[in-house]
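One file, data.cif, carrying mmCIF, C-alpha atoms and all ligand atoms:
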```
data_coords
#
loop_
_atom_site.label_atom_id
_atom_site.label_comp_id
_atom_site.auth_asym_id
_atom_site.auth_seq_id
_atom_site.Cartn_x
_atom_site.Cartn_y
_atom_site.Cartn_z
CA MET A 1 -7.59 108.19 148.14
CA SER A 2 -8.10 104.53 148.88
CA GLU A 3 -7.04 102.23 151.62
CA LEU A 4 -5.21 99.03 150.69
CA GLU A 5 -6.09 96.26 153.07
CA LEU A 6 -4.78 92.72 153.15
CA ARG A 7 -6.85 90.42 155.31
CA GLY A 8 -5.53 87.04 156.34
CA VAL A 9 -3.45 86.72 153.15
CA THR A 10 -1.68 83.38 152.82
CA VAL A 11 0.41 82.37 149.81
CA ARG A 12 1.72 78.85 149.42
CA TYR A 13 4.06 77.77 146.64
CA GLY A 14 4.24 74.21 145.38
CA HIS A 15 2.15 71.20 146.28
CA GLY A 16 2.12 68.27 148.67
CA ALA A 17 5.27 67.58 150.63
CA ARG A 18 7.13 70.33 148.74
CA ALA A 19 4.59 73.04 149.55
CA GLN A 20 6.02 76.12 151.20
CA THR A 21 4.13 78.88 152.97
CA ALA A 22 5.75 82.13 151.82
CA VAL A 23 3.12 84.41 153.41
CA ASP A 24 1.18 83.23 156.42
CA ALA A 25 -2.18 84.84 157.33
CA VAL A 26 -0.96 88.43 157.02
CA ASP A 27 -3.17 91.37 157.95
CA LEU A 28 -1.80 94.69 156.75
CA THR A 29 -3.48 98.04 156.17
CA VAL A 30 -1.97 100.87 154.17
CA ARG A 31 -3.85 103.98 155.24
CA PRO A 32 -5.16 106.15 152.39
CA GLY A 33 -2.61 108.65 151.12
CA THR A 34 0.25 107.32 153.26
CA THR A 35 3.38 105.27 152.67
CA HIS A 36 3.70 101.96 154.48
CA GLY A 37 7.17 100.45 154.59
CA LEU A 38 7.61 96.69 154.57
CA VAL A 39 10.92 95.36 155.89
CA GLY A 40 12.33 91.96 156.72
CA GLU A 41 15.25 89.74 155.88
CA SER A 42 15.65 88.04 152.51
CA GLY A 43 13.06 85.30 152.02
CA SER A 44 10.67 86.64 154.67
CA GLY A 45 7.88 86.98 152.08
CA LYS A 46 7.90 90.70 151.24
CA SER A 47 7.87 90.32 147.45
CA THR A 48 5.27 87.58 147.58
CA LEU A 49 3.02 89.81 149.65
CA ALA A 50 3.57 92.66 147.17
CA ARG A 51 2.68 90.39 144.28
CA ALA A 52 -0.46 89.26 146.05
CA ALA A 53 -1.41 92.91 146.61
CA VAL A 54 -1.30 93.67 142.87
CA GLY A 55 -2.83 90.38 141.74
CA LEU A 56 0.33 88.85 140.25
CA VAL A 57 0.05 86.00 142.74
CA ARG A 58 -3.27 84.56 143.79
CA PRO A 59 -3.54 84.18 147.56
CA THR A 60 -4.15 80.63 148.78
CA ALA A 61 -6.37 82.22 151.41
CA GLY A 62 -7.42 85.71 152.41
CA GLN A 63 -8.44 88.81 150.53
CA VAL A 64 -7.06 92.10 149.27
CA PHE A 65 -9.33 95.12 149.43
CA LEU A 66 -8.96 98.43 147.65
CA GLY A 67 -11.40 100.67 149.41
CA ARG A 68 -14.35 98.35 149.81
CA VAL A 69 -13.71 96.26 146.72
CA ASP A 70 -12.29 92.76 147.12
CA VAL A 71 -9.81 92.86 144.23
CA THR A 72 -9.00 89.16 144.62
CA GLY A 73 -12.52 88.37 143.41
CA PRO A 74 -13.26 87.07 139.90
CA SER A 75 -15.73 89.75 138.79
CA ARG A 76 -14.98 92.22 136.00
CA TYR A 77 -15.38 95.02 138.48
CA ALA A 78 -12.77 93.43 140.75
CA ARG A 79 -10.39 93.09 137.80
CA ARG A 80 -10.95 96.70 136.73
CA THR A 81 -10.41 97.95 140.27
CA ARG A 82 -7.23 95.87 140.53
CA ARG A 83 -5.67 98.02 137.81
CA ARG A 84 -5.78 100.88 140.29
CA VAL A 85 -2.97 99.08 142.11
CA GLN A 86 0.26 99.36 140.12
CA MET A 87 3.67 97.95 140.87
CA VAL A 88 7.22 99.16 140.26
CA PHE A 89 9.95 96.50 140.37
CA GLN A 90 13.57 96.33 141.41
CA ASP A 91 15.20 96.03 138.01
CA PRO A 92 14.01 98.67 135.53
CA MET A 93 15.96 97.09 132.65
CA SER A 94 14.02 93.85 132.77
CA ALA A 95 10.77 95.75 133.43
CA LEU A 96 11.11 97.63 130.12
CA ASP A 97 11.08 96.03 126.68
CA PRO A 98 14.58 96.81 125.34
CA ARG A 99 13.26 97.13 121.76
CA LEU A 100 10.41 99.51 122.60
CA PRO A 101 10.95 103.29 122.67
CA VAL A 102 10.30 104.46 126.22
CA GLY A 103 7.40 106.69 125.13
CA LEU A 104 5.56 103.62 123.85
CA SER A 105 6.24 101.77 127.10
CA VAL A 106 4.66 104.63 129.01
CA ALA A 107 1.76 104.69 126.52
CA GLU A 108 1.16 100.99 127.30
CA GLY A 109 0.40 102.04 130.86
CA LEU A 110 -2.41 104.24 129.54
CA LEU A 111 -4.26 101.13 128.32
CA ALA A 112 -4.95 100.14 131.92
CA THR A 113 -7.28 103.11 132.32
CA GLY A 114 -9.60 101.41 129.83
CA ARG A 115 -10.25 104.77 128.17
CA ARG A 116 -10.11 105.17 124.41
CA THR A 117 -7.90 108.07 123.46
CA SER A 118 -6.73 109.71 120.25
CA ARG A 119 -3.11 109.47 119.25
CA ALA A 120 -2.65 113.18 119.98
CA ASP A 121 -4.09 112.73 123.48
CA ARG A 122 -1.81 109.78 124.12
CA GLU A 123 1.25 111.72 123.00
CA ALA A 124 0.30 114.67 125.18
CA ARG A 125 -0.20 112.38 128.16
CA VAL A 126 3.14 110.59 127.60
CA THR A 127 4.87 113.98 127.36
CA ALA A 128 3.29 115.10 130.64
CA LEU A 129 4.18 111.84 132.39
CA LEU A 130 7.82 111.87 131.27
CA ASP A 131 8.04 115.48 132.31
CA ARG A 132 6.55 114.57 135.70
CA VAL A 133 9.38 112.11 136.37
CA GLN A 134 11.98 114.57 135.07
CA ILE A 135 12.76 112.79 131.83
CA ASP A 136 13.08 115.05 128.79
CA PRO A 137 9.95 114.21 126.73
CA ARG A 138 11.95 114.82 123.53
CA ARG A 139 13.65 111.50 124.33
CA ALA A 140 10.37 109.54 124.12
CA GLY A 141 11.66 107.86 120.95
CA ASP A 142 14.84 106.56 122.58
CA LEU A 143 15.25 102.93 123.65
CA PRO A 144 15.70 102.02 127.36
CA GLY A 145 19.38 101.21 126.77
CA ALA A 146 20.07 104.89 126.08
CA PHE A 147 19.15 105.84 129.66
CA SER A 148 20.90 105.43 133.02
CA GLY A 149 19.55 103.05 135.67
CA GLY A 150 17.98 105.88 137.66
CA GLN A 151 16.37 107.35 134.53
CA ARG A 152 15.01 103.93 133.55
CA GLN A 153 13.47 103.52 136.97
CA ARG A 154 11.80 106.92 136.60
CA ILE A 155 10.41 105.77 133.23
CA THR A 156 8.87 102.66 134.84
CA ILE A 157 7.34 104.95 137.46
CA ALA A 158 5.87 107.09 134.64
CA ARG A 159 4.41 103.92 133.10
CA ALA A 160 2.83 102.95 136.42
CA LEU A 161 1.40 106.47 136.81
CA ALA A 162 -0.08 106.27 133.30
CA ALA A 163 -2.56 103.74 134.68
CA GLU A 164 -3.80 106.43 137.11
CA PRO A 165 -3.25 104.24 140.15
CA GLU A 166 -4.59 104.94 143.60
CA VAL A 167 -2.05 102.55 145.08
CA LEU A 168 1.59 102.12 144.15
CA VAL A 169 3.49 99.03 145.29
CA ALA A 170 7.25 99.68 145.12
CA ASP A 171 9.36 96.52 145.51
CA GLU A 172 13.03 97.31 146.21
CA ILE A 173 12.92 100.06 143.59
CA THR A 174 16.24 101.60 144.60
CA SER A 175 18.16 98.39 145.35
CA ALA A 176 19.60 97.99 141.86
CA LEU A 177 20.58 101.66 141.56
CA ASP A 178 23.80 103.49 142.37
CA VAL A 179 23.66 105.11 145.77
CA SER A 180 24.16 108.46 144.01
CA VAL A 181 20.79 108.22 142.23
CA GLN A 182 18.76 106.43 144.89
CA GLY A 183 17.87 109.76 146.49
CA VAL A 184 16.42 111.13 143.26
CA VAL A 185 14.05 108.17 142.95
CA LEU A 186 13.12 108.32 146.64
CA ASN A 187 12.39 112.03 146.48
CA LEU A 188 10.32 111.46 143.37
CA ILE A 189 8.26 108.83 145.19
CA ARG A 190 7.77 111.19 148.12
CA ASP A 191 6.71 114.06 145.86
CA LEU A 192 4.35 111.91 143.83
CA GLN A 193 2.83 110.42 146.94
CA ALA A 194 2.11 113.90 148.30
CA ASP A 195 1.00 115.50 145.02
CA LEU A 196 -1.25 112.66 143.88
CA ALA A 197 -2.33 111.54 147.36
CA LEU A 198 -1.13 108.04 146.47
CA THR A 199 -1.34 105.14 148.86
CA VAL A 200 2.08 103.46 148.75
CA LEU A 201 3.34 100.06 149.91
CA PHE A 202 7.11 100.45 149.92
CA ILE A 203 9.30 97.38 150.24
CA SER A 204 12.99 97.57 151.01
CA HIS A 205 15.61 95.77 153.00
CA ASN A 206 17.31 99.14 153.54
CA LEU A 207 15.91 100.51 156.78
CA ALA A 208 17.30 104.01 156.23
CA VAL A 209 15.43 104.17 152.94
CA VAL A 210 12.25 102.88 154.55
CA ARG A 211 12.52 105.40 157.37
CA TYR A 212 12.97 108.21 154.83
CA VAL A 213 9.73 107.52 152.95
CA SER A 214 7.39 105.72 155.37
CA ASP A 215 4.64 106.87 157.70
CA ASP A 216 4.06 103.34 159.02
CA VAL A 217 6.19 100.21 158.97
CA SER A 218 5.51 96.47 159.12
CA VAL A 219 8.26 93.97 159.83
CA MET A 220 8.03 90.51 158.27
CA ARG A 221 9.66 87.34 159.45
CA ALA A 222 9.14 83.88 157.98
CA GLY A 223 5.95 84.92 156.22
CA ARG A 224 4.37 86.72 159.16
CA VAL A 225 4.15 90.33 160.28
CA VAL A 226 5.88 90.39 163.66
CA GLU A 227 5.55 94.09 164.34
CA HIS A 228 3.85 97.15 162.88
CA GLY A 229 3.23 100.75 163.79
CA PRO A 230 4.38 104.32 163.11
CA ALA A 231 7.77 104.29 161.36
CA GLU A 232 9.43 106.47 163.98
CA ARG A 233 8.36 104.18 166.79
CA VAL A 234 9.06 100.84 165.12
CA LEU A 235 12.46 101.86 163.77
CA ALA A 236 13.61 103.80 166.82
CA ASP A 237 12.17 101.70 169.61
CA PRO A 238 11.10 98.27 168.35
CA ALA A 239 9.07 96.13 170.71
CA ASP A 240 9.77 92.85 168.91
CA PRO A 241 13.10 91.08 169.54
CA TYR A 242 13.40 90.15 165.85
CA THR A 243 12.99 93.79 164.79
CA ARG A 244 15.69 94.77 167.28
CA GLU A 245 17.95 92.10 165.80
CA LEU A 246 17.17 93.26 162.26
CA LEU A 247 18.02 96.85 163.16
CA ARG A 248 21.27 95.77 164.76
CA SER A 249 22.30 93.68 161.77
CA ILE A 250 21.95 96.54 159.28
CA PRO A 251 24.79 98.97 159.80
CA VAL A 252 23.36 101.67 157.52
CA MET A 253 20.70 102.27 160.15
CA GLY A 254 22.83 104.54 162.29
CA GLN A 255 24.07 106.59 159.35
CA PRO A 256 22.37 109.52 157.67
CA LEU A 257 20.93 108.73 154.26
CA VAL A 258 22.90 110.43 151.51
CA LEU A 259 20.56 112.00 149.01
CA ALA A 260 22.64 113.06 146.04
CA ASP A 261 21.15 114.24 142.76
CA ALA A 262 21.44 112.32 139.49
N1 LIG B 1 7.76 81.62 142.47
C1 LIG B 1 8.14 80.97 143.60
N2 LIG B 1 8.06 79.63 143.66
C2 LIG B 1 8.43 78.96 144.79
N3 LIG B 1 8.89 79.57 145.90
C3 LIG B 1 9.00 80.91 145.89
C4 LIG B 1 8.65 81.68 144.74
N4 LIG B 1 8.86 82.99 145.01
C5 LIG B 1 9.33 83.04 146.27
N5 LIG B 1 9.42 81.79 146.80
C6 LIG B 1 9.86 81.46 148.16
O1 LIG B 1 9.00 82.13 149.08
C7 LIG B 1 9.73 82.66 150.17
C8 LIG B 1 9.50 84.16 150.26
O2 LIG B 1 10.14 84.78 149.15
P1 LIG B 1 9.99 86.33 148.80
O3 LIG B 1 10.74 86.59 147.54
O4 LIG B 1 8.57 86.71 148.86
O5 LIG B 1 10.76 86.99 150.05
P2 LIG B 1 11.43 88.41 150.16
O6 LIG B 1 11.30 88.82 151.59
O7 LIG B 1 10.86 89.34 149.15
O8 LIG B 1 12.93 88.11 149.85
P3 LIG B 1 14.00 88.99 149.01
O9 LIG B 1 14.23 90.24 149.81
O10 LIG B 1 15.21 88.11 148.94
O11 LIG B 1 13.38 89.24 147.67
C9 LIG B 1 11.19 82.28 149.95
O12 LIG B 1 11.45 81.11 150.68
C10 LIG B 1 11.26 82.00 148.47
O13 LIG B 1 12.25 81.04 148.19
#
```
Starting from the file, lay out its structure as structure tokens.
Ligand SMILES: Nc1ncnc2c1ncn2[C@@H]1O[C@H](COP(=O)(O)OP(=O)(O)OP(=O)(O)O)[C@@H](O)[C@H]1O
Amino acid sequence: MSELELRGVTVRYGHGARAQTAVDAVDLTVRPGTTHGLVGESGSGKSTLARAAVGLVRPTAGQVFLGRVDVTGPSRYARRTRRRVQMVFQDPMSALDPRLPVGLSVAEGLLATGRRTSRADREARVTALLDRVQIDPRRAGDLPGAFSGGQRQRITIARALAAEPEVLVADEITSALDVSVQGVVLNLIRDLQADLALTVLFISHNLAVVRYVSDDVSVMRAGRVVEHGPAERVLADPADPYTRELLRSIPVMGQPLVLADA
């Protein structure tokens, strides 16, 4: 189990007069083996922070640590360690190559481990991973288009797991899915987190969803974290006026989360 720690992370887009600070000196710690929810209105910088955490965006300032390793550093060791942080995105269709059988997509994830494996080993691993996310491994040869949105999202989760991550960054992973299958994906994330002792940064604008999966919560506004703490406390009794406003503006908050099966 590893801690994910962002220290003073700033991300600026553009240059000169058109430069924009999307993330502004954010400190955020995801405790080992826990789920940390990240909420905030559209444009507050959540996705940019997520991208910085996995190395898809280089911070203008600040560092990202996995355990004690600064994964923003240029060394080979930093790069190798960075692969231990994997990301799952909002739209599983664009995250999967439509012409590649899903088994091969999952097998691509195995490359990130850096281990050389035989074809038989790879096939056995892909079978186990698909099984783990409740996709029939006999469908490994099917293309992404043959699956439902919820199934496709589970396949992208299997691909992320193939890299044997210590940290999973989930960016709005249920937002593009039917409400009826959101629960399946959320329960899968919860089970995986517990079984594999994953450290999870979970981003969503849906506060009910965040409350369902998170131990801790941070609230972002205009690139900054304005409040953080245990999920129960922050979402039930926010100290920050912006968080209170955010909670008020999202009607789903007062309603129970419906967790239907796929
Ligand atoms: N590649 C980019 N180039 C320039 N500006 C960007 C880029 N990506 C994001 N931004 C800007 O940075 C700010 C933060 O965006 P970001 O997507 O991180 O926020 P967010 O909280 O994830 O929003 P949403 O929930 O709508 O995805 C926004 O003003 C956005 O327009």
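Distances here use all atoms listed in the file; by that measure, the residue among A:Val88, A:Leu168, A:Leu111, A:Ala222 closest to ligand LIG 1 (chain B) is A:Ala222.
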* Asked: Within 7 Å of (4.2, 106.9, 147.2), in the coordinates the file gives, what residues turn up when you count only C-alpha atoms, written out as a list of chain:residue names?
  -> A:Thr35, A:Leu168, A:Ile189, A:Arg190, A:Leu192, A:Gln193, A:Leu198, A:Thr199, A:Val200
* Counting all atoms listed in the file, the option among A:Phe89, A:Phe65, A:Tyr212, A:Phe147 closest to ligand LIG 1 (chain B) -> A:Phe89
* To do: Check every protein, DNA and RNA residue against ligand LIG 1 (chain B), keep those with an atom at most 7 Å away (counting all atoms listed in the file), and present them as a PyMOL selection string.
  => chain A and resi 13-14+20+22+40-49+205+223
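Coordinates place CA of Leu38 in chain A at a distance of 27.8 Å from CA of Leu130 in chain A.
We find CA of Gly73 in chain A and CA of Arg18 in chain A to be spaced 27.2 Å apart.
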